[in-house]
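Below you'll find the structure, written out as structure tokens, and then a few comments.
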2 protein chains.
Amino acid sequence: MKELKLGLPLPPPTDGPLTVDELRLAARNHAMPLEALRYPVTPVGLHYVLVHYDIPAVEESAFRLTVDGEVERPLSLTLDELRALPALEVASTMECAGNGRALLAPRAVSQPWLLEAVGTGRWRGVALHTVLELAGLRESAVDVVATGLDRGIENEVDQRYQRALPLAEALREEVVLAYELNGGPLPPQHGFPLRLVVPGWYGMTNVKWLASLTVTDEPFTGYQHARSYRFRLDPDEEGTPVTRMLPRSLLAPPGVPDFLSRERFVDSTPVRLEGRAWSGQGRLVSVEVSDDDGVVWAPAQLTDDLGSPWAWRGWTYEWNATPGRYVLCCRARDDAGNVQPLEPVWNVGGYANNAVQRVPVTVVD
Amino acid sequence: MKELKLGLPLPPPTDGPLTVDELRLAARNHAMPLEALRYPVTPVGLHYVLVHYDIPAVEESAFRLTVDGEVERPLSLTLDELRALPALEVASTMECAGNGRALLAPRAVSQPWLLEAVGTGRWRGVALHTVLELAGLRESAVDVVATGLDRGIENEVDQRYQRALPLAEALREEVVLAYELNGGPLPPQHGFPLRLVVPGWYGMTNVKWLASLTVTDEPFTGYQHARSYRFRLDPDEEGTPVTRMLPRSLLAPPGVPDFLSRERFVDSTPVRLEGRAWSGQGRLVSVEVSDDDGVVWAPAQLTDDLGSPWAWRGWTYEWNATPGRYVLCCRARDDAGNVQPLEPVWNVGGYANNAVQRVPVTVVD
């Protein structure tokens with residue numbers, strides 16, 4: 001297809017009702033049901049999925065990863081050749097940069113995430129630096145551009161999905177070209193046969209259906225860097241890039257739900273509240289819990305099932321309550337000084353809204 | 001918890017904007033992205049999922065299936081005991097009874113499905129009749145009530161999820177108590193460790209996290225039979241039960257999508273259109289395709305990848321088009337005389353809306 005101006009421009013943020021475009025995206029993509037916080041590693045099918053365009057059909061036998069640009073030895077690698085290189089497995093928590101978007105007012109018209117666009121996987125593959133060393137980086141190298149096999153039109157721009165990493169990020173030892181998730185082959189919706197996994201960063205950098213790595217001698221300025229995935233207070237400003245995950249904690253709602261409202265009913269306390277928390281900005285240092293909508297906070301007990309600095313940590317809190325109505329909240333803090341705010345921090349694209357979760361609970365006599 | 005009148009009554013159908021309750025359900029549950037129609041068997045994570053309440057935590061070692069009621073020998077079976085019985089694998093297409101609900105006007109306020117709440121699995125387990133024969137059915141047997149481990153409050157009724165099958169349906173040879181999906185253990189969201197699979201019926205009868213089978217001497221009148229899952233034109237009428245799937249065909253949208261609208265752009269024809277079609281009411285006999293919003297129809301070619309009478313069949317259609325804008329549709333017909341309508345057939349609960357899919361496509365010069 002010729003590169004035409006096709007599709008529709010993205011509309012401005014709205015306070016209006018949810019649109020059918022948003023519903024269509026919400027039906028295709030999915031978050032992690034909050035009760036799945038019980039699993040240290042998220043089972044396949046429960047990890048959040050966001051597909052910008054279509055999941056492409058890929059034949060493993062025809063697949064090649066090409067490596068070119070500012071390298072000494074351009075490469076074209078089969079999956080078997082990648083599997084023959086030293087392997088690395090990283091347990092890593094991944095959250096969509098748009099998580100919390102639908103809770104902003106006005107909100108960007110896009111995938112309408114609430115709270116739970118997250119998951120943790122055991123990603124196994126070859127370290128990105130291993131492949132870059134095989135190709136031999138030139139001194140001129142600045143960015144590594146990852147291109148997926150998925151193609152679509154976004155905000156009138158016909159594109160294959162592309163994100164880049166600055167060289168210092170690309171060479172981190174835990175950045176993986178993953179061909180396995182949780183001990184099995186990568187599922188189609190998570191990027192079969194190959195996915196770039198960048199621990200600590202929001203999901204958009206974890207390019208699925210990875211087809212090529214191009215080393216550039218200047219910073220990448222493609223659509224998903226220069227136009228999308230930027231913090232802006234005004235649509236016309238340049239803004240700053242969305243990169244690593246802000247701290248967030250989530251609570252597995254206790255008791256039993258009402259079908260439609262998802263409100264919770266708990267029949268007796270004490271109740272052990274459980275959840276998980278993470279940050280891509282620093283080491284997670286604490287989780288606090290409140291049962292009065294964030295007025296009084298008490299410390300939760302941190303656990304560490306996975307022992308990976310890139311994975312969420314579990315937390316528990318023994319909650320005693322008398323019959324009545326409560327609003328449970330939790331908030332995470334990291335050693336970079338970030339703490340979850342009680343109210344959202346707004347931006348045009350609806351990124352990185354890590355305001356605390358609120359879980360209305362009725363304790364029944 | 002005492003059985004209290006808790007939660008909220010379901011609201012009446014609405015023409016209003018999508019509510020946050022509906023969005024919350026859409027974020028938890030998910031449909032099958034339409035490009036996944038390419039897979040004869042739907043990969044785990046792409047099959048539709050609807051969870052009424054919460055996915056329960058189940059320890060396999062503690063799990064027992066109890067069989068009681070109108071039987072000679074009440075049973076309590078471990079998973080290993082179930083696995084030791086003769087095994088059966090059935091490739092079966094499952095569609096949510098609420099598929100198409102959000103396209104009705106006014107629409108029931110519930111899980112807001114559009115078109116794609118479907119999937120096909122290879123379900124392996126032990127035939128239900130094998131277990132019932134082991135227990136020995138009494139002559140008084142009328143219904144087999146299946147109870148899941150999931151509990152919630154729905155329309156002010158505190159309940160564990162329950163559905164029943166009339167005896168004649170329960171004894172069909174292809175009705176399975178499945179402990180495997182697609183060759184692996186049942187995933188949590190599909191009912192680990194055991195699920196009732198009733199080929200041909202809508203999803204609500206395929207009880208997940210199956211904990212007990214109770215044979216009754218009169219027809220079951222639980223919430224999910226007497227109040228929910230009924231065709232009604234007025235909320236106060238008794239209505240008729242929702243049972244087997246009406247015929248439906250779906251088209252994998254061709255070309256590339258616009259991110260937000262999901263509208264399609266195709267750069268050259270001929271294009272091979274592909275999709276799948278099924279019916280639980282009879283044998284699928286034809287699929288037809290239209291490129292003018294359902295005015296003129298032409299026959300598609302049926303394929304049969306799975307060779308199972310309970311699974312969808314593939315179809316293809318060679319489409320030649322000149323540049324312009326089209327609305328592609330497809331419609332399925334079965335040998336019971338059912339054909340997909342161009343416009344929805346309305347009912348209060350928003351069930352079984354099998355009106356034809358419409359796919360706007362622009363062919364680019």
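To be explicit about the labels: the chains of the structure tokens are called A, B, and onward in the order shown, and within each one the residues are counted from 1, while ligands get numbers from 1 in the order they are shown.
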Give the strand (DSSP E or B) residues of range 65-235 of chain A, as DSSP finds them on the backbone, and put them as a ChimeraX atom specification. /A:65-69,71,75-77,87-95,107,118-127,137,143-154,157-166,176-181,184-185,195-197,201,210-216,230-231
Neighbours of chain A in chain B at 7 Å, counting only C-alpha atoms, as number ranges by chain: B: 1, 7, 17-18, 21, 26-33, 35, 44-45, 52-55, 110, 113, 151-154, 256-261, 267
Suppose we keep C-alpha atoms; can you now write the selection as a short mmCIF file (atom, residue, chain, number, x, y, z; two decimals), in the first residue's frame?
data_model
loop_
_atom_site.label_atom_id
_atom_site.label_comp_id
_atom_site.auth_asym_id
_atom_site.auth_seq_id
_atom_site.Cartn_x
_atom_site.Cartn_y
_atom_site.Cartn_z
CA MET B 1 -21.97 -15.27 54.86
CA GLY B 7 -25.65 -6.04 45.86
CA PRO B 17 -24.05 5.65 27.00
CA LEU B 18 -21.88 2.79 28.15
CA ASP B 21 -20.01 -1.03 35.30
CA ALA B 26 -15.18 -5.40 29.53
CA ALA B 27 -11.74 -4.85 31.09
CA ARG B 28 -11.89 -8.16 33.03
CA ASN B 29 -13.46 -10.38 30.40
CA HIS B 30 -12.38 -10.55 26.81
CA ALA B 31 -13.45 -11.61 23.39
CA MET B 32 -11.40 -13.27 20.65
CA PRO B 33 -9.64 -10.71 18.44
CA GLU B 35 -7.74 -12.05 13.32
CA VAL B 44 -5.05 -20.17 25.03
CA GLY B 45 -5.42 -16.49 25.83
CA HIS B 52 -19.41 -14.16 36.35
CA TYR B 53 -17.79 -13.65 39.75
CA ASP B 54 -14.09 -14.25 40.56
CA ILE B 55 -11.77 -16.95 39.26
CA SER B 110 -24.17 -6.45 31.50
CA TRP B 113 -20.05 -7.96 23.95
CA ARG B 151 -19.55 -17.45 44.23
CA GLY B 152 -21.07 -14.02 43.79
CA ILE B 153 -24.10 -11.84 44.17
CA GLU B 154 -26.14 -11.32 41.04
CA VAL B 256 -4.67 -3.30 7.81
CA PRO B 257 -6.61 -1.56 10.57
CA ASP B 258 -6.87 2.00 11.73
CA PHE B 259 -5.83 1.92 15.39
CA LEU B 260 -8.86 3.64 16.89
CA SER B 261 -11.77 2.94 14.55
CA ASP B 267 -4.31 -2.08 -0.99
#
Calculate how many Å separate CA of Tyr223 in chain B from CA of Ala164 in chain B, rounding to one decimal.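 Going from CA of Tyr223 in chain B over to CA of Ala164 in chain B, I get 10.9 Å.
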Quick one: of A:Val118, A:Leu186, A:Leu165, A:Val67, who's nearest to Ala277 in chain A, counting only C-alpha atoms?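 Ranking A:Val118, A:Leu186, A:Leu165, A:Val67 by distance to Ala277 in chain A, first place goes to A:Val118.
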Shell of 10 Å around Tyr229 in chain A, only C-alpha atoms, local chain residues under 3 positions omitted, as a PDB file with N, CA and C atoms, in the first residue's frame:
ATOM      1  N   ALA A  97       1.489   1.519  29.522  1.00  0.00           N
ATOM      2  CA  ALA A  97       1.666   2.946  29.817  1.00  0.00           C
ATOM      3  C   ALA A  97       0.321   3.650  29.957  1.00  0.00           C
ATOM      4  N   GLY A  98      -0.720   3.088  29.340  1.00  0.00           N
ATOM      5  CA  GLY A  98      -2.049   3.702  29.397  1.00  0.00           C
ATOM      6  C   GLY A  98      -2.900   3.200  30.551  1.00  0.00           C
ATOM      7  N   TYR A 202       7.526   0.705  30.745  1.00  0.00           N
ATOM      8  CA  TYR A 202       6.140   0.416  30.385  1.00  0.00           C
ATOM      9  C   TYR A 202       6.096  -0.472  29.139  1.00  0.00           C
ATOM     10  N   MET A 204       4.911  -0.440  26.138  1.00  0.00           N
ATOM     11  CA  MET A 204       5.039  -0.036  24.722  1.00  0.00           C
ATOM     12  C   MET A 204       6.422  -0.272  24.166  1.00  0.00           C
ATOM     13  N   THR A 205       7.421  -0.397  25.043  1.00  0.00           N
ATOM     14  CA  THR A 205       8.803  -0.588  24.597  1.00  0.00           C
ATOM     15  C   THR A 205       9.118  -2.061  24.358  1.00  0.00           C
ATOM     16  N   TYR A 223       6.910   7.636  14.961  1.00  0.00           N
ATOM     17  CA  TYR A 223       5.601   8.013  15.507  1.00  0.00           C
ATOM     18  C   TYR A 223       5.469   7.687  16.988  1.00  0.00           C
ATOM     19  N   GLN A 224       5.873   6.476  17.385  1.00  0.00           N
ATOM     20  CA  GLN A 224       5.627   6.031  18.764  1.00  0.00           C
ATOM     21  C   GLN A 224       6.589   6.682  19.768  1.00  0.00           C
ATOM     22  N   HIS A 225       7.527   7.500  19.269  1.00  0.00           N
ATOM     23  CA  HIS A 225       8.385   8.290  20.157  1.00  0.00           C
ATOM     24  C   HIS A 225       8.037   9.762  20.117  1.00  0.00           C
ATOM     25  N   ALA A 226       7.926  10.286  18.886  1.00  0.00           N
ATOM     26  CA  ALA A 226       7.812  11.743  18.742  1.00  0.00           C
ATOM     27  C   ALA A 226       6.372  12.207  18.937  1.00  0.00           C
ATOM     28  N   ARG A 232       2.253  15.200  27.901  1.00  0.00           N
ATOM     29  CA  ARG A 232       1.967  16.562  27.435  1.00  0.00           C
ATOM     30  C   ARG A 232       0.788  17.108  28.221  1.00  0.00           C
ATOM     31  N   GLY A 239       6.501  17.929  24.773  1.00  0.00           N
ATOM     32  CA  GLY A 239       6.328  16.944  25.827  1.00  0.00           C
ATOM     33  C   GLY A 239       7.602  16.199  26.151  1.00  0.00           C
ATOM     34  N   THR A 240       7.478  15.249  27.081  1.00  0.00           N
ATOM     35  CA  THR A 240       8.628  14.442  27.492  1.00  0.00           C
ATOM     36  C   THR A 240       8.263  12.967  27.335  1.00  0.00           C
ATOM     37  N   PRO A 241       9.257  12.127  27.067  1.00  0.00           N
ATOM     38  CA  PRO A 241       8.941  10.728  26.759  1.00  0.00           C
ATOM     39  C   PRO A 241       8.458   9.923  27.970  1.00  0.00           C
ATOM     40  N   VAL A 242       7.544   9.008  27.714  1.00  0.00           N
ATOM     41  CA  VAL A 242       7.127   8.004  28.698  1.00  0.00           C
ATOM     42  C   VAL A 242       8.181   6.902  28.676  1.00  0.00           C
ATOM     43  N   THR A 243       8.703   6.536  29.845  1.00  0.00           N
ATOM     44  CA  THR A 243       9.774   5.537  29.868  1.00  0.00           C
ATOM     45  C   THR A 243       9.479   4.419  30.878  1.00  0.00           C
ATOM     46  N   GLY A 349      -2.304  12.291  26.758  1.00  0.00           N
ATOM     47  CA  GLY A 349      -2.386  10.926  26.248  1.00  0.00           C
ATOM     48  C   GLY A 349      -2.920   9.925  27.253  1.00  0.00           C
ATOM     49  N   GLY A 350      -3.063  10.358  28.503  1.00  0.00           N
ATOM     50  CA  GLY A 350      -3.580   9.445  29.517  1.00  0.00           C
ATOM     51  C   GLY A 350      -2.571   8.388  29.921  1.00  0.00           C
ATOM     52  N   TYR A 351      -1.324   8.800  30.112  1.00  0.00           N
ATOM     53  CA  TYR A 351      -0.273   7.847  30.461  1.00  0.00           C
ATOM     54  C   TYR A 351       0.033   7.848  31.961  1.00  0.00           C
ATOM     55  N   ALA A 352       0.448   6.683  32.437  1.00  0.00           N
ATOM     56  CA  ALA A 352       1.098   6.539  33.749  1.00  0.00           C
ATOM     57  C   ALA A 352       0.257   7.087  34.904  1.00  0.00           C
TER      58      ALA A 352
END
Please provide as a PDB file with C-alpha atoms, in the first residue's frame all residues within 7 Å of Ser249 in chain A, with the sequence filter that same-chain residues fewer than 3 positions apart are discarded (counting only C-alpha atoms).
ATOM      1  CA  ARG A 276       1.345  -6.919  44.669  1.00  0.00           C
ATOM      2  CA  ALA A 277       3.405  -3.805  44.052  1.00  0.00           C
ATOM      3  CA  TRP A 278       6.173  -2.701  41.708  1.00  0.00           C
ATOM      4  CA  CYS A 330      -3.047   0.719  48.978  1.00  0.00           C
ATOM      5  CA  ARG A 331      -0.057   2.778  47.926  1.00  0.00           C
ATOM      6  CA  ALA A 332       3.504   1.905  46.943  1.00  0.00           C
TER       7      ALA A 332
END
Which residues of range 86-202 of chain B have any atom within 12 Å of an atom in range 298-307 of chain B when counting only C-alpha atoms, and what is the closest pair of atoms for each, with the distance in Å to one decimal? Order the rows by chain and rising number and write it as JSON lines.
{"residue": "B:Val90", "atom": "CA", "partner": "B:Leu306", "partner_atom": "CA", "distance": 10.0}
{"residue": "B:Ala91", "atom": "CA", "partner": "B:Leu306", "partner_atom": "CA", "distance": 7.2}
{"residue": "B:Ser92", "atom": "CA", "partner": "B:Leu306", "partner_atom": "CA", "distance": 9.3}
{"residue": "B:Thr93", "atom": "CA", "partner": "B:Leu306", "partner_atom": "CA", "distance": 10.7}
{"residue": "B:Thr120", "atom": "CA", "partner": "B:Leu306", "partner_atom": "CA", "distance": 10.0}
{"residue": "B:Gly121", "atom": "CA", "partner": "B:Leu306", "partner_atom": "CA", "distance": 10.5}
{"residue": "B:Arg122", "atom": "CA", "partner": "B:Leu306", "partner_atom": "CA", "distance": 9.8}
Produce a file of the selected residues containing C-alpha atoms, as a compact mmCIF listing (two decimals), in the first residue's frame.
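Output file out-v7.txt follows:
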# COMPACT_ATOMS: atom_id res chain seq x y z
CA VAL B 90 -13.93 -33.08 21.64
CA ALA B 91 -13.11 -30.09 19.41
CA SER B 92 -15.92 -27.71 20.22
CA THR B 93 -16.83 -24.12 19.44
CA THR B 120 -12.79 -23.23 19.71
CA GLY B 121 -10.97 -25.59 22.04
CA ARG B 122 -9.86 -29.19 22.13
Applying 7 Å and only C-alpha atoms, which residues near Glu72 in chain A remain after dropping the ones on its own chain fewer than 3 positions away? List them as a list in words.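 What passes the distance filter is Ala135, Gly136, Leu137 and Arg138 of chain A.
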Tell me which protein, DNA and RNA residues are within 12 Å of Ala127 in chain B, counting only C-alpha atoms, leaving out same-chain ones fewer than 6 positions away, and put them as a list in words.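 My reading of the contact set: Leu82, Arg83, Leu85, Pro86, Ala87, Leu88, Glu89, Val90, Glu133, Leu134, Ala170, Leu171, Arg172, Glu173, Glu174, Val175, Val176, Leu177, Ala178, Tyr179, Arg195, Leu196, Val197, Val198 and Pro199 of chain B.
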Could you give me the residues within range 205-302 of chain B that DSSP places in helix (DSSP H, G or I), as number ranges by chain? B: 205, 223-226
What does the file look like for those residues with C-alpha atoms, as an mmCIF file, in the first residue's frame?
data_model
loop_
_atom_site.group_PDB
_atom_site.id
_atom_site.type_symbol
_atom_site.label_atom_id
_atom_site.label_comp_id
_atom_site.auth_asym_id
_atom_site.auth_seq_id
_atom_site.Cartn_x
_atom_site.Cartn_y
_atom_site.Cartn_z
ATOM 1 C CA THR B 205 -23.943 -24.146 30.342
ATOM 2 C CA TYR B 223 -31.195 -18.264 39.275
ATOM 3 C CA GLN B 224 -29.283 -18.949 36.047
ATOM 4 C CA HIS B 225 -32.281 -20.875 34.656
ATOM 5 C CA ALA B 226 -35.374 -19.222 36.014
#
Two-atom distance - CA of Thr147 in chain A, CA of Phe231 in chain A (Å): 22.7 Å
re CA of Ala62 in chain B and CA of Pro185 in chain B: distance 16.5 Å
Test item: residues at most 7 Å from Ala252 in chain B, only C-alpha atoms, excluding those fewer than 2 positions along its chain, as JSON, numbers by chain: {"B": [34, 35, 37, 250, 254, 274, 275]}
Here is a test: counting only C-alpha atoms, which residue of A:Gly314, A:Gly282, A:Pro13, A:Gly337 is nearest to Pro106 in chain A? A:Pro13
